[in-house]
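Everything below belongs to structure-v9.cif, which stores mmCIF, C-alpha atoms.
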```cif
data_start
loop_
_atom_site.label_atom_id
_atom_site.label_comp_id
_atom_site.auth_asym_id
_atom_site.auth_seq_id
_atom_site.Cartn_x
_atom_site.Cartn_y
_atom_site.Cartn_z
CA ASP A 134 174.05 203.81 276.45
CA MET A 135 174.59 200.43 274.77
CA TYR A 136 171.01 199.36 275.48
CA ASP A 137 169.61 202.70 274.33
CA GLU A 138 171.41 202.38 270.99
CA ALA A 139 170.30 198.78 270.53
CA ASP A 140 166.78 199.78 271.53
CA THR A 141 166.70 202.58 268.98
CA PHE A 142 168.14 200.45 266.16
CA LEU A 143 166.12 197.31 266.82
CA PHE A 144 162.74 198.87 267.39
CA LYS A 145 162.98 201.45 264.60
CA SER A 146 164.47 199.07 262.03
CA HIS A 147 162.30 196.07 262.88
CA PRO A 148 159.14 197.28 264.65
CA THR A 149 157.17 194.03 264.13
CA TRP A 150 159.91 191.55 265.11
CA SER A 151 158.49 190.23 268.38
CA GLU A 152 161.19 187.55 268.89
CA GLY A 153 163.91 190.20 268.77
CA ARG A 154 162.00 192.40 271.17
CA VAL A 155 161.52 189.54 273.66
CA SER A 156 165.17 188.51 273.40
CA PHE A 157 166.32 192.11 273.88
CA TRP A 158 164.17 192.72 276.97
CA LYS A 159 165.03 189.34 278.48
CA HIS A 160 168.74 190.02 278.09
CA ARG A 161 168.39 193.55 279.43
CA ALA A 162 166.24 192.52 282.41
CA LEU A 163 168.60 189.73 283.42
CA THR A 164 171.64 191.96 282.99
CA GLU A 165 170.07 194.76 285.04
CA ALA A 166 168.85 192.40 287.75
CA TYR A 167 171.88 190.19 288.25
CA ALA A 168 174.86 192.24 287.03
CA LEU A 169 174.36 195.98 286.78
CA CYS A 170 172.17 196.55 289.87
CA PRO A 171 174.41 194.63 292.29
CA ILE A 172 177.56 196.27 290.89
CA GLY A 173 175.98 199.72 291.09
CA LEU A 174 174.79 199.10 294.65
CA ALA A 175 178.22 197.88 295.75
CA LEU A 176 179.91 200.93 294.24
CA LYS A 177 177.41 203.31 295.84
CA LYS A 178 177.67 201.59 299.23
CA SER A 179 181.44 201.86 299.22
CA SER A 180 181.29 205.57 298.42
CA GLN A 181 178.49 206.43 300.88
CA ASP A 182 178.28 205.79 304.59
CA ASP A 183 174.72 207.01 305.11
CA ASP A 184 172.33 204.03 305.58
CA GLU A 185 169.24 205.93 304.40
CA MET A 186 170.90 206.82 301.12
CA ALA A 187 172.00 203.20 300.63
CA GLU A 188 168.42 201.96 301.04
CA GLU A 189 167.21 204.61 298.58
CA ASN A 190 169.82 203.49 296.03
CA GLU A 191 168.72 199.86 296.44
CA ALA A 192 165.13 200.86 295.72
CA VAL A 193 166.14 202.88 292.64
CA ALA A 194 168.23 200.01 291.26
CA ASP A 195 165.36 197.62 291.93
CA LYS A 196 162.95 199.87 290.00
CA GLU A 197 165.13 199.77 286.88
CA ALA A 198 165.29 195.96 286.91
CA ILE A 199 161.53 195.72 287.55
CA ARG A 200 160.86 198.17 284.69
CA CYS A 201 162.85 195.92 282.35
CA PHE A 202 160.98 192.80 283.51
CA GLU A 203 157.66 194.60 282.97
CA LYS A 204 158.73 195.43 279.41
CA LEU A 205 159.74 191.78 278.94
CA VAL A 206 156.35 190.36 279.89
CA LYS A 207 154.58 192.97 277.75
CA ALA A 208 156.89 192.55 274.73
CA GLN A 209 155.01 189.57 273.34
CA LYS A 210 151.31 188.96 273.13
CA PRO A 211 150.57 186.54 274.73
CA SER A 212 153.35 186.52 277.31
CA HIS A 213 155.47 183.40 277.58
CA PRO A 214 155.42 181.63 280.98
CA ASP A 215 159.24 181.61 281.16
CA SER A 216 159.28 185.42 281.04
CA TRP A 217 156.95 185.49 284.01
CA ARG A 218 159.05 182.91 285.86
CA GLU A 219 162.19 185.04 285.50
CA TYR A 220 160.31 188.12 286.72
CA ILE A 221 158.79 186.30 289.71
CA ARG A 222 162.12 184.71 290.62
CA TYR A 223 163.78 188.13 290.72
CA VAL A 224 161.05 189.88 292.69
CA SER A 225 160.73 187.10 295.24
CA ALA A 226 164.46 187.26 296.04
CA SER A 227 165.31 190.90 295.44
CA HIS A 228 164.16 192.29 298.78
CA LEU A 229 166.04 189.86 301.01
CA TYR A 230 168.58 192.54 301.91
CA LEU A 231 165.87 194.22 304.00
CA VAL A 232 165.20 191.06 306.00
CA GLY A 233 168.87 190.40 306.67
CA ASN A 234 169.57 193.89 308.02
CA THR A 235 172.67 193.81 310.27
CA ASN A 236 171.39 196.69 312.39
CA ASN A 237 170.07 195.17 315.64
CA SER A 238 167.85 198.04 316.67
CA THR A 239 164.24 197.29 317.53
CA GLN A 240 163.03 199.63 314.82
CA SER A 241 164.66 197.62 312.01
CA GLN A 242 162.97 194.34 312.92
CA PRO A 243 159.40 195.36 311.98
CA ASP A 244 160.76 196.76 308.73
CA GLY A 245 162.28 193.36 307.96
CA ILE A 246 159.07 191.53 308.80
CA ALA A 247 157.02 194.02 306.81
CA ALA A 248 159.41 193.65 303.88
CA ALA A 249 159.06 189.87 303.94
CA VAL A 250 155.26 190.05 304.03
CA SER A 251 155.28 192.72 301.31
CA THR A 252 157.51 190.56 299.12
CA LEU A 253 155.17 187.60 299.55
CA ARG A 254 152.20 189.78 298.65
CA ILE A 255 153.94 191.17 295.57
CA THR A 256 155.02 187.67 294.51
CA ARG A 257 151.47 186.37 294.88
CA GLY A 258 150.21 189.30 292.79
CA LEU A 259 152.72 188.51 290.06
CA TYR A 260 151.67 184.86 290.05
CA HIS A 261 148.03 185.95 289.70
CA ARG A 262 148.92 188.29 286.81
CA ALA A 263 151.02 185.58 285.17
CA MET A 264 148.27 182.99 285.41
CA SER A 265 145.79 185.49 284.03
CA TYR A 266 147.99 186.32 281.04
CA VAL A 267 148.96 182.75 280.22
CA LYS A 268 145.37 181.59 280.75
CA LYS A 269 144.30 184.04 278.08
CA ALA A 270 147.04 182.69 275.82
CA GLY A 271 145.96 179.11 276.40
CA GLN A 272 142.36 179.95 275.56
CA GLU A 273 143.33 181.22 272.13
CA THR A 274 142.66 178.29 269.84
CA ASN A 275 143.85 179.77 266.56
CA ALA A 276 147.60 180.18 267.05
CA THR A 277 149.18 182.02 264.16
CA VAL A 278 152.03 180.56 262.17
CA GLU A 279 154.11 183.68 262.89
CA ASN A 280 154.01 183.21 266.67
CA GLU A 281 154.62 179.46 266.68
CA PRO A 282 158.43 179.58 266.19
CA SER A 283 158.81 182.12 269.00
CA TRP A 284 157.77 179.48 271.53
CA MET A 285 160.44 177.01 270.44
CA VAL A 286 164.12 176.90 271.41
CA LYS A 287 166.10 177.26 268.19
CA GLY A 288 169.40 178.56 266.99
CA ILE A 289 172.96 178.41 268.22
CA ASP A 290 172.38 180.44 271.38
CA SER A 291 169.30 178.87 272.91
CA THR A 292 170.01 180.28 276.38
CA MET A 293 168.11 183.47 275.59
CA SER A 294 165.35 181.65 273.71
CA GLN A 295 162.22 180.19 275.19
CA ARG A 296 161.08 176.61 275.41
CA ASP A 297 157.80 175.03 274.41
CA TYR A 298 154.84 177.01 275.72
CA ASP A 299 153.01 174.04 277.24
CA ALA A 300 156.09 172.79 279.10
CA ALA A 301 156.80 176.29 280.43
CA LEU A 302 153.17 176.70 281.48
CA SER A 303 153.31 173.41 283.35
CA VAL A 304 156.44 174.50 285.25
CA LEU A 305 154.93 177.91 286.07
CA SER A 306 151.75 176.24 287.35
CA ARG A 307 153.73 173.83 289.54
CA GLU A 308 155.80 176.70 290.97
CA TYR A 309 152.63 178.67 291.70
CA LEU A 310 151.05 175.71 293.51
CA GLU A 311 154.23 175.18 295.52
CA PHE A 312 154.31 178.88 296.43
CA GLU A 313 150.71 178.73 297.64
CA ARG A 314 151.43 175.58 299.67
CA THR A 315 154.44 177.10 301.40
CA ALA A 316 153.51 180.77 301.73
CA GLY A 317 149.77 180.88 301.21
CA SER A 318 147.03 181.08 303.77
CA GLU A 319 144.45 178.36 304.26
CA GLU A 320 141.94 180.32 302.19
CA SER A 321 144.27 180.52 299.20
#
```
Encoded form (C-alpha cells):
Amino acid sequence: DMYDEADTFLFKSHPTWSEGRVSFWKHRALTEAYALCPIGLALKKSSQDDDEMAEENEAVADKEAIRCFEKLVKAQKPSHPDSWREYIRYVSASHLYLVGNTNNSTQSQPDGIAAAVSTLRITRGLYHRAMSYVKKAGQETNATVENEPSWMVKGIDSTMSQRDYDAALSVLSREYLEFERTAGSEES
C-alpha cells in the first residue's frame, strides 16, 4: 500500500521527473528483492507444508521483484548501467534455491541442473539487453542538459543515486566479459 500511494502521488504530481521515477523504482525493486520477497517466502513456508505450493510462492515472489526491476530499467531513457547491474545481480542469484534442493530424489536433480542452465541463459539474455540499451545511450552524441545531473551522484543520500555513466558502463562491460569467460561457451 505504501508503494502504491507513493506511486500515485509521485507520478501524478511530477510526471516528467525522471530522477524521482528511477529512485522510486530502484528503491522498490531492491526492497522487493532483498527484504519483502524473502520475508514473504519464509512466512509462507512456515505456514505451509506442501512443497509444490512453496515452489509456486517462490515463483510468484520472484515475479514481483522482476517486474520492479523491469520498471527500473525502463524508467529512464537511456537506461543507466547500474540499474542493469542490480537487475542482473538479482536474477543471477535468485534461483539458487532450486539448485540447492534438500530433497535427494532422482527427479529433483535434473530440475536443479535445468534451473542452473536456465538461470545462466536468462542472465546472458539480460546482459545482451543491457549492452544493447547502453550501447544506444553511448551512441547518442547530443546529451541534454536535463539528463546530465541524473547520471551523477549528488545529495545527502547518494546510496540510491547513480554514479557517472561512463564508469558504470565500464564496470558493466567488465562484468559481462567475466560472465562470458566463466559461464560462456567457446563460441560466445
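Take CA of Leu253 in chain A and CA of Lys207 in chain A: the distance between them is 22.5 Å.
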Grab the CA of Tyr298 in chain A to CA of Phe157 in chain A distance for me, in Å with one decimal place.
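Between CA of Tyr298 in chain A and CA of Phe157 in chain A the gap is 19.1 Å.
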Length of the CA of Glu319 in chain A to CA of Ala248 in chain A vector [Å]
21.4 Å
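Nearest residue to Ala249 in chain A among A:Ala316, A:Leu169, A:Met264, A:Asp299 is A:Ala316, counting only C-alpha atoms.
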Determine the residue set returned by the PyMOL selection byres ((chain A and resi 310-313) around 12) for the present structure, and present it as a PyMOL selection string.
chain A and resi 221-222+225+253-254+256-261+264+303-309+314-321
Rank nothing, just name the residue among A:Ala247, A:Asp297, A:Arg262, A:Gln209 nearest to Ser151 in chain A, using all atoms listed in the file.
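Distance minimum relative to Ser151 in chain A lands on A:Gln209.
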Give the answer as one residue: which of A:Trp158, A:Tyr223, A:Tyr266, A:Phe144 has the shortest atom-to-atom distance to Cys170 in chain A, using all atoms listed in the file?
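Closest to Cys170 in chain A, using all atoms listed in the file: A:Tyr223.
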